[in-house]
Every structure is written in structure tokens, then in C-alpha cells.
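A.B. asks: This is the structure, below, for whatever I ask next.
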2 protein chains.
Amino acid sequence: MLEVAKKVALTRPAVRTDADLTGSTPPLGKPTMATIRDVARAAAVSTATVSRVLNGTARVSDETRRRVSEAAKRLDYWPNGSARSLIHSRTQTLGVLLPDIFGEFFSEVIRGIDKAVRDAGLQVLLSSSHSSAEGLLSAAKAMAGRVDGFILMAPDLEAESAVDRIRKRFPLVLLNPRTQTPGTVSVSIANYEGAFAAVSHLIRLGHKRIAIVAGPMGNADSDERLRGYRAALVAHDIEPDERLVLTGAFTEVSGYEAGSRILRLRPAPTAVFAANDGMAIGLISRLSEGGVRVPDDVGVMGFDDIPTARYLAPPLSTVRTDAYELGACAVSGLLDVLGAEGEVLDLRWVMPWDLVIRRSCGALHGPRGSLTTTTPETTSEPAQSRGPILQREEESC
Amino acid sequence: MLEVAKKVALTRPAVRTDADLTGSTPPLGKPTMATIRDVARAAAVSTATVSRVLNGTARVSDETRRRVSEAAKRLDYWPNGSARSLIHSRTQTLGVLLPDIFGEFFSEVIRGIDKAVRDAGLQVLLSSSHSSAEGLLSAAKAMAGRVDGFILMAPDLEAESAVDRIRKRFPLVLLNPRTQTPGTVSVSIANYEGAFAAVSHLIRLGHKRIAIVAGPMGNADSDERLRGYRAALVAHDIEPDERLVLTGAFTEVSGYEAGSRILRLRPAPTAVFAANDGMAIGLISRLSEGGVRVPDDVGVMGFDDIPTARYLAPPLSTVRTDAYELGACAVSGLLDVLGAEGEVLDLRWVMPWDLVIRRSCGALHGPRGSLTTTTPETTSEPAQSRGPILQREEESC
DNA sequence: TTGTATGCGTTATCAT
DNA sequence: ATGATAACGCATACAA
């Protein structure tokens, strides 16, 4: 096995060695790239003409067009984006401000944003891990003049004030906003409804003692899912028990730790609703270690339907929310706002969602009828579907 | 359950309603934000003085400083980033060009980049899903003048030519480069070594018939891992069998499909090395469905050690590569290049890695000694560790 | 200590 | 059809 390690060094000191330029490699660094003026000079025309040719913004004679194109290619001219932004007051860039991007959910959101943005010929300036108002604000400030608007997700209560200040300066789309501000475009996950449906399903299966592994308190998504959990219990005449409400951090390890606490609960719950799939994964792992079988001894439901969910053992029942589409819709919404020329748009999109019943929540041991379950091959049409539901409130003010 | 859906709409038409401005909400859109000239006017000083105050770049009398600061705050002045970039020829922004960012590995890479960039007071311009040379090049072109350099990952063979062109124009750090170009800084995963170690471990457990679920052909990471797989077999006097080499796409579903093919293999392999954890997850799921137990009937090893890996059933044995650190190191490397003032840096970092032995590869049923396994609680120190190995070649040319 | 003037790299508005 | 020139918003060299 020693052959695998050829050269071993220690840590990562920032070593900067002086270097003679060997003729072989082109001198890197800043060879000061050609500007539009260089092209103009080379083609013996004015910069205005170069601009016209390259942007196709006005008629140019075939001869000069040829000369300019040739010169631009020969000098390998690439226009300077900052200069263009300055002139046009348009950056062709969307700022994306997110909380801590951990796990597959955010990975998918970013993928969706990236895809939609590229399709629109735009760019993404990304900054994440914002939970405090100051952090959010300084990030936005650093992006001023470099973005045309923002896609903003700020689930943490403490960041709320920053959202308002950003809203006043920039076109904006909110992701899962905590409050419903008039004159704002937002795209949301059906947190409350999804949680309500998930817990209702567990109840329908016969469970009466249902625990929840919530996210961090003060997090908007977590709060809404917790609210849905409680509402479902109440709607089915089950008295909520605060001892069954555990707190996690939306990470696998926090679900694992919550599992330890659940194992000590007496009387033990017969089902657990985890506020996201990551925590469900950690939870199931811990329960199994504790000798508690899922779903035989305890049923588990997650939230998100991350790509991994259907491949777990047991496959995870969960609330499907299309994170990729969420990101794409946010872009689409921001484009609408940018196209609205100062008009105030008041749109609220809620993403479609589904209850995806796999094996982790178990089959019926209550009173009611039978239930189909899905395998990876057949799961494109979830057995238990609430959707697609696309809620949109739309007002102009 | 009907209560969960309150208002139902259909699809997402781009509706743009005219809107009268109600007095309550501030008129959004473009209220043309204050510029440095506005602040100068309000404070009755020159723009130069405003700049000096706000940047602390020269001494200013207390009285004017106060006036300027007050005016800036009152007008809520935010400097224009594009204008600053233009003047300084420094954008304070790093361009990040990635292939399709699917799954937890890339999620972690981006997190690492984002964190390091923010710590350095910079920004990230992100663009992904690049596999073709043209796509890569046009993305880079669109970023010209808006970034100081690039972090570039282009595992696909066809994108190679674009890398060279970008290298000539911009400071650059390569992620997992296919070839070792002189005068270039790169940060890499020990693809070959990790695969070699993983397969060697399977062999040591007594396996002789070992399949691989590789990534797409032509992908640099996949090719290297495949090479490591073959080398390990050869090194242990096992004749590679091409029928045991399957191709996937680094996704869960492709691992699932590969599982179907593996179930049909005769004679059946006793172990499978999946070129990443995502495929291992799909693979295990499919094998279980086929009545093949992991690890009892077949051992499985993955690659990456994504956060989920240790929580699977069975917990996944895999090659740990710190994707988060990979991203952070790339930023650090690019910062070095940017600080090197035109000097040519030739650095090649290889990230430390570990073999993480959990349960999916099974315990010894070969000739040799015993093996410790790790549980989630105790896994911070992997039982079977090859590292940390940090390989760094460093030359100046 | 402060102001004036110039330029960063573009594009748009005038001329011609 | 093409060229000179004035912005865009900011920071700096140079004067005062």
C-alpha cells in the first residue's frame, strides 16, 4: 500500500517562490489585455465603429466590418464587463443571498438558479451563510452596482431587518419569506401544508404519539413545519405534547443526536416527523443502532425528498418539494420584476408539493384501507399525491 | 386533508399587472440611488473629499469628515462596485466555473469556496454545468472584466481546449486537472491513490472478483479512479475483467441502474467499487431489492465520504475526500496567484484523504488479521487510515 | 486640508 | 457609414 503515497508534505504554507520565466510557458499574470481602443487602432477605425461591429448596433460597411472583426480576433479582444455595466446601468447579474447552504436541498436550489440564469444569458453573484442582519447587509452592499437585483433567502428571524433595507434599494425576490410584505415577489415552499399532510398521514396510519425533530427555533421554515405538525395533531383531536418536540439543525448529525433523545422518551413515540430529510437520515441511523426498527417499531417521515431519499433503507417517506424548480422560479420572478419597469409587482408563488409514501413510515396498522407504496422504479407518480398545487396570490398596489 | 390547499392556480404565466402606487409602500424599481456626487453636493465638498472620507485614504478635517459621513448616511450612499472595479482594475471577485453541480460533493465544494472567499472579503461569480469548450469559454468571456481570476474545474475531455485559452488571460487555479501543465496552480483529489487503496482493501478482505461502477468515460475523475482500480487488481495479481467495468453518471439513479446490470453478472462479483458515494447509494438500494445483501453477499465501497455516507444502512465504506477543504484550498491558491504579481507559480496540491472503513464492505473473510469498524460516534478517526497525505510539488519556472 | 482634472473601458449622441 | 466626444461612478495625481 505504500505505493499510493509518492510525495508527502505537511500542511499548506503560503509559499511564494521567485521565478525566472522560462521561454516555454507564456508569462502569466497581467499581460494587460487588449481594449476596444487597441482593436480600433489595429483596424484603423474609431472605437465607436468597433463597438458597432461587435454589438451589431448599427450598419457598418462590409469592408470595415471585416477589418474590425479580424483585428478583434487577432488581438483576442474580450470586452470589459464592468465598463459595460457602468454605461448601461445594467449588470446582467443576479445577486443570490442564502443562509448556510448545507446539504442536497440547497445544492438543488443553486442548481436551479444557475440553470435558469444561464438560460437567460445572465450571471450569478453568490454569497451564503448569512444569518445576521449585518452580514446580509454588508454582503448586499458589496454587491451594489454589480447586480441588477437579488434573490434572497433569510429564514433566520434576526436577519429580517436587513431584508427591508435591501428591498428598498433593489428589485428583489424572496425565498420562503417569513412575512407577507405587500409589493413583493416571493416563491415559497408549502412548509405548513406539507408538514400538515405528512403528520396527518402518520395519524391516518394509526399513530397517536408522534414526535417531531424540528429545525432550529427562529428559523422560518422550521417554524412553519412545526406549526403544521401541531395543527395536524389538533385537527385530529390529538393533544400536542411538548416533550415530543425536539430541536435539530437540519443536518444529519443533528438528526442522529435527536435520535438519541428519542430513544430515551417514555412512553416512546410510535412515529417521528423529521423537518427535513437530512435529519431523518441521521435519525433513522440512530434508531437502528438503538435496536429500534424503522418502520416496524417506529415510523419516520421526512421533508424535501432529496435525491437520496428513495434509495435509503428503508426508502424514506417524505414531502416532495422541488428545490431545483424553487430556484428556477425565483429567477423567473426576478426577471419579471426587472422587466416591470418600476411597476410594483405583488406576486406570491407557492411551489407544488407532494406527499411521497415510501416504506419508512410503515403501512397501515390503524383502522383504514390499504396503501400503495412506491419503489424507485415506479416512484415518478407518488401513491399519495396532494398536488401539484400551485398557489399564487396576485395583487397590484 | 382538503384544508391544506387554499388557492389553486395552474401554471406560471408571466403576468404583469399595472399598478398604482399606494402611498403605503415605497415606490420600488429604480429610485436612482445616490452617487458620490450627490453626497459631495449634500456635504458641500468635492467628490474627492467624499472618497477620502469613505475610504480613509487621506487625512480630512474632523469637521468635513463629520459632514461627509452624515450626508452619506442620510442619503444611504452605497458605492458602485462596477465603477470601483473599473478604476482599480481589481474586481474583488473570483470566477468559479464548474461542471454539472449535482449532489453533495459539489455542494460541499461550493460551500468551501464561499466560506474562504467571504473570509478574504471577496465575492464569487458562479457558473456551472459546463462540459463543452464553447460553453466554458463563453461563460469566461461573459465574466471578463468582472473577475480577477478563475477557479476552474473541467473534468470533461472536450472542455480541455477552453482551459488553455482561459489560462492565457487569467490567473487560474485548476480543480482536478486532467493534465499537469507547467506554470499552473492546481488542487486535486487523490483519485488514483484513493481508488487504489479502496480496491486494495477489498482484495485484502479476500475478494477476487471485484466490479467497478465508474463515472462517465472521458471524465477525468472517473478515468483516474478506474485506473486506480485496475492498478490495484494488477498489483495483487488479479486479472482485470472488462465485463466487471460498468459505467455510470455519478448520480444515484445511475448507480441504481448499474445495480441491475450487476445482478445479471455471471459469475457474480463478490464486491463492487463505486466511483462515488451517490452511485454507491443507488447501487446498494438496487442490490437489496434484488435480494442481494450488503455486505453479506457483496461488499461495496464508495468514494467521497459525503455527509450522508456514515448514516446509510449499512454505513458506507468509502474514500474520504474533504470537498469543503478542496474548495477552500482552491481559493487560497488563487489568492496566492493573485498576490504573486505576475510571477509564475507552479503549485500542485493534492488533498489529504483517508480510507474510511464502515460496514458496507464487510469484514474479513480472507486470510488476514482482524479489522476495526467505525460507527458514527467514533468515526472521526477512521480505522484504516492512509493519510493524511498532502502531496505538493512546487517548482518555479 | 481640500479642490480640479483626468482616466478606467465602454457605449450613445451627436456631428460629418 | 464613420468619427469625435461625452458620459457612467469612482479614485487619484497634482495644484492650491
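Within each chain, counting starts at residue 1; across the C-alpha cells, chains are named A, B, ... in the order shown, with ligands numbered 1 upward in that order.
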Within 10 Å of chain B, which residues of chain C are there when counting only C-alpha atoms (C1' of nucleotides)? Please give them as a list in words.
C.D. replies: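 In the required form, that comes to DT1, DT2, DG3, DT4, DG7, DC8 and DG9 of chain C.
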A.B. asks: DSSP on the backbone: which residues in stretch 101-130 of chain A end up as helix (DSSP H, G or I)? Give the answer as a list of chain:residue names.
C.D. replies: A:Glu104, A:Phe105, A:Phe106, A:Ser107, A:Glu108, A:Val109, A:Ile110, A:Arg111, A:Gly112, A:Ile113, A:Asp114, A:Lys115, A:Ala116, A:Val117, A:Arg118, A:Asp119
A.B. asks: Please produce an output containing C-alpha atoms for each residue in the selection, written as an mmCIF file, in the first residue's frame.
C.D. replies:
data_model
loop_
_atom_site.group_PDB
_atom_site.id
_atom_site.type_symbol
_atom_site.label_atom_id
_atom_site.label_comp_id
_atom_site.auth_asym_id
_atom_site.auth_seq_id
_atom_site.Cartn_x
_atom_site.Cartn_y
_atom_site.Cartn_z
ATOM 1 C CA GLU A 104 -28.760 18.485 -1.001
ATOM 2 C CA PHE A 105 -31.662 20.862 -0.713
ATOM 3 C CA PHE A 106 -29.559 23.970 -1.204
ATOM 4 C CA SER A 107 -27.416 22.237 -3.702
ATOM 5 C CA GLU A 108 -30.526 21.785 -5.800
ATOM 6 C CA VAL A 109 -31.724 25.333 -5.269
ATOM 7 C CA ILE A 110 -28.430 26.671 -6.540
ATOM 8 C CA ARG A 111 -28.513 24.312 -9.473
ATOM 9 C CA GLY A 112 -31.954 25.562 -10.396
ATOM 10 C CA ILE A 113 -30.907 29.172 -10.110
ATOM 11 C CA ASP A 114 -27.782 28.602 -12.103
ATOM 12 C CA LYS A 115 -29.625 26.853 -14.890
ATOM 13 C CA ALA A 116 -32.344 29.474 -15.236
ATOM 14 C CA VAL A 117 -29.846 32.287 -15.067
ATOM 15 C CA ARG A 118 -27.705 30.799 -17.782
ATOM 16 C CA ASP A 119 -30.733 30.243 -19.983
#
A.B. asks: Grab the atom CA of A:Ala144 to atom CA of A:Arg90 distance for me, in Å with one decimal place.
C.D. replies: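 Interatomic distance here is 11.5 Å.
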A.B. asks: What's the 6 Å shell around A:Ala214, counting only C-alpha atoms (C1' of nucleotides), without same-chain residues fewer than 6 positions away, as a count of residues only?
C.D. replies: 5
A.B. asks: Which residue is closest to chain D? Choose from B:Ala44, B:Leu54, B:Leu97, B:Leu122 and count only C-alpha atoms (C1' of nucleotides).
C.D. replies: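 That would be B:Leu54, the residue with the smallest distance to chain D.
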A.B. asks: List as a ChimeraX atom specification the protein and nucleic acid residues near B:Ile281, meaning an atom at most 10 Å away when only C-alpha atoms (C1' of nucleotides) are counted, but skip any in the same chain fewer than 2 places from it.
C.D. replies: /A:308-313 /B:251-256,274,276-279,283-286,300,302,308-309,312-313,316
A.B. asks: When DSSP is applied to the backbone of this structure, which of stretch 72-222 of chain B are assigned strand (DSSP E)? Write them out as a list in words.
C.D. replies: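 Restricting stretch 72-222 of chain B to strand (DSSP E) produces Thr93, Leu94, Gly95, Val96, Leu97, Gln123, Val124, Leu125, Leu126, Ser127, Gly149, Phe150, Ile151, Leu152, Met153, Leu172, Val173, Leu174, Leu175, Val185, Ser186, Val187, Ser188, Ile210, Ala211, Ile212, Val213 and Ala214 of chain B.
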A.B. asks: Those selected residues, please, written with N, CA, C and O atoms and delivered as a tab-separated table (two decimals), in the first residue's frame.
C.D. replies:
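What ended up in result-v8.tsv:
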chain	number	residue	atom	x	y	z
B	93	THR	N	-13.47	39.90	-7.03
B	93	THR	CA	-14.38	38.81	-7.33
B	93	THR	C	-13.63	37.65	-7.97
B	93	THR	O	-12.76	37.86	-8.81
B	94	LEU	N	-13.99	36.46	-7.56
B	94	LEU	CA	-13.40	35.26	-8.13
B	94	LEU	C	-14.45	34.54	-8.98
B	94	LEU	O	-15.56	34.30	-8.53
B	95	GLY	N	-14.09	34.22	-10.19
B	95	GLY	CA	-14.99	33.46	-11.04
B	95	GLY	C	-14.86	31.98	-10.74
B	95	GLY	O	-13.75	31.48	-10.56
B	96	VAL	N	-15.98	31.28	-10.67
B	96	VAL	CA	-15.97	29.84	-10.40
B	96	VAL	C	-16.71	29.12	-11.52
B	96	VAL	O	-17.91	29.33	-11.71
B	97	LEU	N	-15.97	28.33	-12.24
B	97	LEU	CA	-16.54	27.59	-13.38
B	97	LEU	C	-16.52	26.10	-13.06
B	97	LEU	O	-15.45	25.51	-12.90
B	123	GLN	N	-15.81	38.16	-3.46
B	123	GLN	CA	-17.09	37.68	-3.91
B	123	GLN	C	-16.92	36.53	-4.90
B	123	GLN	O	-15.82	36.31	-5.41
B	124	VAL	N	-18.01	35.86	-5.17
B	124	VAL	CA	-17.98	34.73	-6.09
B	124	VAL	C	-18.97	34.92	-7.24
B	124	VAL	O	-20.15	35.15	-7.01
B	125	LEU	N	-18.45	34.85	-8.42
B	125	LEU	CA	-19.30	34.81	-9.60
B	125	LEU	C	-19.31	33.37	-10.08
B	125	LEU	O	-18.27	32.84	-10.47
B	126	LEU	N	-20.48	32.74	-9.99
B	126	LEU	CA	-20.57	31.29	-10.19
B	126	LEU	C	-21.24	30.92	-11.50
B	126	LEU	O	-22.24	31.51	-11.89
B	127	SER	N	-20.71	29.92	-12.15
B	127	SER	CA	-21.37	29.39	-13.33
B	127	SER	C	-21.04	27.91	-13.47
B	127	SER	O	-19.88	27.52	-13.39
B	149	GLY	N	-9.85	36.45	-11.40
B	149	GLY	CA	-9.26	35.17	-11.75
B	149	GLY	C	-10.31	34.08	-11.66
B	149	GLY	O	-11.45	34.35	-11.32
B	150	PHE	N	-9.89	32.89	-11.96
B	150	PHE	CA	-10.86	31.79	-12.03
B	150	PHE	C	-10.45	30.59	-11.19
B	150	PHE	O	-9.26	30.26	-11.09
B	151	ILE	N	-11.46	29.96	-10.63
B	151	ILE	CA	-11.32	28.59	-10.12
B	151	ILE	C	-12.09	27.74	-11.11
B	151	ILE	O	-13.27	27.96	-11.34
B	152	LEU	N	-11.38	26.80	-11.67
B	152	LEU	CA	-11.93	26.12	-12.84
B	152	LEU	C	-11.84	24.61	-12.69
B	152	LEU	O	-10.77	24.06	-12.44
B	153	MET	N	-12.96	23.97	-12.84
B	153	MET	CA	-12.99	22.52	-12.81
B	153	MET	C	-13.63	22.03	-14.10
B	153	MET	O	-14.80	22.31	-14.36
B	172	LEU	N	-5.37	31.70	-12.46
B	172	LEU	CA	-6.20	30.50	-12.55
B	172	LEU	C	-5.78	29.46	-11.52
B	172	LEU	O	-4.60	29.27	-11.27
B	173	VAL	N	-6.77	28.80	-10.96
B	173	VAL	CA	-6.50	27.59	-10.20
B	173	VAL	C	-7.36	26.48	-10.77
B	173	VAL	O	-8.57	26.66	-10.94
B	174	LEU	N	-6.74	25.37	-11.04
B	174	LEU	CA	-7.45	24.23	-11.62
B	174	LEU	C	-7.84	23.25	-10.52
B	174	LEU	O	-7.05	22.95	-9.62
B	175	LEU	N	-9.04	22.75	-10.62
B	175	LEU	CA	-9.51	21.71	-9.70
B	175	LEU	C	-9.44	20.38	-10.45
B	175	LEU	O	-10.05	20.23	-11.51
B	185	VAL	N	-1.30	26.46	-11.11
B	185	VAL	CA	-1.63	26.05	-9.75
B	185	VAL	C	-2.86	25.16	-9.82
B	185	VAL	O	-3.84	25.50	-10.48
B	186	SER	N	-2.80	24.05	-9.13
B	186	SER	CA	-3.96	23.18	-9.12
B	186	SER	C	-4.15	22.54	-7.75
B	186	SER	O	-3.21	22.41	-6.98
B	187	VAL	N	-5.37	22.17	-7.49
B	187	VAL	CA	-5.69	21.43	-6.27
B	187	VAL	C	-6.45	20.18	-6.70
B	187	VAL	O	-7.40	20.27	-7.45
B	188	SER	N	-6.01	19.06	-6.18
B	188	SER	CA	-6.58	17.81	-6.67
B	188	SER	C	-6.98	16.86	-5.56
B	188	SER	O	-6.46	16.91	-4.45
B	210	ILE	N	-14.03	-8.38	-8.35
B	210	ILE	CA	-14.47	-7.05	-7.91
B	210	ILE	C	-14.90	-6.22	-9.11
B	210	ILE	O	-14.11	-5.97	-10.03
B	211	ALA	N	-16.15	-5.79	-9.09
B	211	ALA	CA	-16.65	-4.94	-10.17
B	211	ALA	C	-16.43	-3.47	-9.83
B	211	ALA	O	-16.20	-3.11	-8.68
B	212	ILE	N	-16.52	-2.61	-10.84
B	212	ILE	CA	-16.47	-1.17	-10.59
B	212	ILE	C	-17.63	-0.50	-11.31
B	212	ILE	O	-17.96	-0.86	-12.45
B	213	VAL	N	-18.26	0.42	-10.62
B	213	VAL	CA	-19.22	1.29	-11.29
B	213	VAL	C	-18.49	2.62	-11.48
B	213	VAL	O	-18.36	3.41	-10.54
B	214	ALA	N	-17.98	2.82	-12.67
B	214	ALA	CA	-17.20	4.02	-12.94
B	214	ALA	C	-18.12	5.18	-13.28
B	214	ALA	O	-19.33	5.02	-13.41
A.B. asks: Compile the residues of chain D that lie within 12 Å of chain B, evaluated using only C-alpha atoms (C1' of nucleotides), and express the compilation as an MDAnalysis selection string.
C.D. replies: chainID D and resid 8:13
A.B. asks: With distances taken over only C-alpha atoms, which residue among B:Arg243, B:Arg167, B:Arg225, B:Arg264 lies nearest chain A?
C.D. replies: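 Ranked by minimum distance to chain A, first place goes to B:Arg167.
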A.B. asks: What is the atom CA of A:Gly228-atom CA of A:Arg204 distance in Å, reported with one decimal?
C.D. replies: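 About the pair atom CA of A:Gly228 and atom CA of A:Arg204: they are 15.5 Å apart.
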A.B. asks: Ranking B:Gly362, B:Gly282, B:Pro295, B:Gly56 by minimum distance to chain A and counting only C-alpha atoms, which one comes first?
C.D. replies: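 Comparing B:Gly362, B:Gly282, B:Pro295, B:Gly56 against chain A, the winner is B:Gly282.
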A.B. asks: Need to verify the contact set: A:Arg230, 10 Å, only C-alpha atoms (C1' of nucleotides), exclusion of same-chain residues closer than 5 positions in sequence. Can you return it as a VMD selection string?
C.D. replies: chain A and resid 192 195 to 196 199 212 224 to 225 235 238 to 242 245
A.B. asks: Out of B:Asp221, B:Asp62, B:Asp38, B:Asp148, which residue has the shortest atom-to-atom distance to chain A when counting only C-alpha atoms?
C.D. replies: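 Of all the options, B:Asp148 lies closest to chain A.
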A.B. asks: Rank B:Val272, B:Ala142, B:Val356, B:Ala363 by their smallest atom-to-atom distance to chain A, using only C-alpha atoms, and report the top residue only.
C.D. replies: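 Looking only at the distances to chain A, the closest residue turns out to be B:Ala142.
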A.B. asks: To one decimal in Å, tell me the separation between atom CA of B:Leu335 and atom CA of B:Ala323.
C.D. replies: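 Spanning atom CA of B:Leu335 to atom CA of B:Ala323 is a straight-line distance of 18.7 Å.
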